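Participant: The structure follows.
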Amino acid sequence: MVDEVDLQHLRRCLELAEEAVAAGDEPFGSVLADADGRALAEDRNRIAGGDRTRHPEFALARWAAEHLTPHERSAATVYTSGEHCPMCAAAHGWVGLGRIVYAASSAQLVRWLEEMGVPPAPVRPLPVREVVPGVTVEGPVPALEQEIHDLHRRCHLGG
């Protein structure tokens with residue numbers, strides 16, 4: 001169940017997603033928190049330079065591998081504006097991170113992008129649980145749906 005601490009971190013993810021859009025990137029932002037809910041690291045999408053692997057969830061998985069013990073990683077939570085893509089989900093699983101909480105699902109994103117006429121991604125949008133069985137996943141969060149949808153519209157349609 002998503003609580004007020006979760007919502008606080010998800011709101012920060014949306015701020016990071018907004019920063020990404022302002023920098024010419026797609027609207028994704030993520031926060032890594034420890035077992036006590038303290039933010040440890042954060043990042044935003046950075047694909048505008050041409051490296052389409054520069055997703056924030058992937059960056060946080062690498063950060064966690066370098067800075068946290070296996071126990072700390074398994075107790076951590078990754079908060080993100082959008083459900084992990086398969087690449088990021090795999091990194092999450094290989095590093096042994098714990099819970100994932102996202103504002104919008106991959107299914108929602110696919111539907112929104114189709115409605116906007118955006119070509120599909122080159123990688124199938126699988127749900128996180130199909131890539132990392134057993135991981136605790138919570139989302140989407142209806143209270144944040146309109147805000148993240150608006151960021152995607154701004155990113156892909158301008159305005």
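All residue names refer to the structure tokens as shown: chains lettered A, B, ... in order, residues numbered from 1 in each chain, ligands numbered from 1 in order.
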Please extract the residues of region 8-103 of chain A with a backbone DSSP assignment of strand (DSSP E or B) and present them as a list in words.
Facilitator: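 Residues of region 8-103 of chain A classed as strand (DSSP E or B): Gly29, Ser30, Val31, Leu32, Ala33, Ala39, Leu40, Ala41, Glu42, Asp43, Arg44, Thr77, Val78, Tyr79, Thr80, Ser81, Gly82, Arg99, Ile100, Val101, Tyr102 and Ala103 of chain A.
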Participant: Report as a ChimeraX atom specification all protein, DNA and RNA residues lying within 12 Å of region 12-21 of chain A, evaluated on only C-alpha atoms, omitting residues in the same chain fewer than 4 positions from it.
Facilitator: /A:5-8,25-33,39,41-48,54-57,78-83,101-104,144-159
Participant: Name the residues of chain A that fall into helix (DSSP H, G or I) according to DSSP on the backbone, using the chain letters and numbers of this document, as a VMD selection string.
Facilitator: chain A and resid 4 to 22 47 to 49 56 to 67 70 to 75 86 to 95 106 to 116 128 to 131 142 to 157
Participant: Restricting the calculation to only C-alpha atoms: of A:His9, A:Arg111, A:Arg129, A:His67, which residue gets closest to Gly93 (chain A)?
Facilitator: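 Under the stated criterion, the closest residue is A:Arg129.
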Participant: I want to know what sits within 10 Å of Glu130 (chain A), based on only C-alpha atoms, with residues of the same chain fewer than 4 positions away left out; could you give that as a PyMOL selection string?
Facilitator: chain A and resi 86+89+126+134-135
Participant: Store the residues picked out above in a file with C-alpha atoms, as a tab-separated table (two decimals), in the first residue's frame.
Facilitator:
chain	number	residue	atom	x	y	z
A	86	PRO	CA	12.60	-4.38	-19.23
A	89	ALA	CA	13.77	-4.10	-14.43
A	126	LEU	CA	6.72	-5.84	-20.26
A	134	GLY	CA	8.75	-11.99	-6.91
A	135	VAL	CA	9.67	-8.32	-6.64
Participant: Kindly indicate which residue among A:Gly117, A:Pro125, A:Pro133, A:Gly96 lies nearest to Thr69 (chain A), using only C-alpha atoms for the distances.
Facilitator: A:Gly96
Participant: Report as number ranges by chain all protein, DNA and RNA residues lying within 8 Å of Arg99 (chain A), evaluated on only C-alpha atoms, omitting residues in the same chain fewer than 6 positions from it.
Facilitator: A: 74-78, 135-138
Participant: How about saving the chosen residues, C-alpha atoms kept, as a tab-separated table (two decimals), in the first residue's frame?
Facilitator:
chain	number	residue	atom	x	y	z
A	74	SER	CA	17.18	-5.76	-0.81
A	75	ALA	CA	15.62	-3.47	1.82
A	76	ALA	CA	15.65	-0.40	-0.45
A	77	THR	CA	12.76	1.00	-2.47
A	78	VAL	CA	13.00	2.47	-5.95
A	135	VAL	CA	9.67	-8.32	-6.64
A	136	THR	CA	7.19	-6.22	-4.68
A	137	VAL	CA	5.65	-3.69	-7.07
A	138	GLU	CA	3.12	-1.00	-6.25
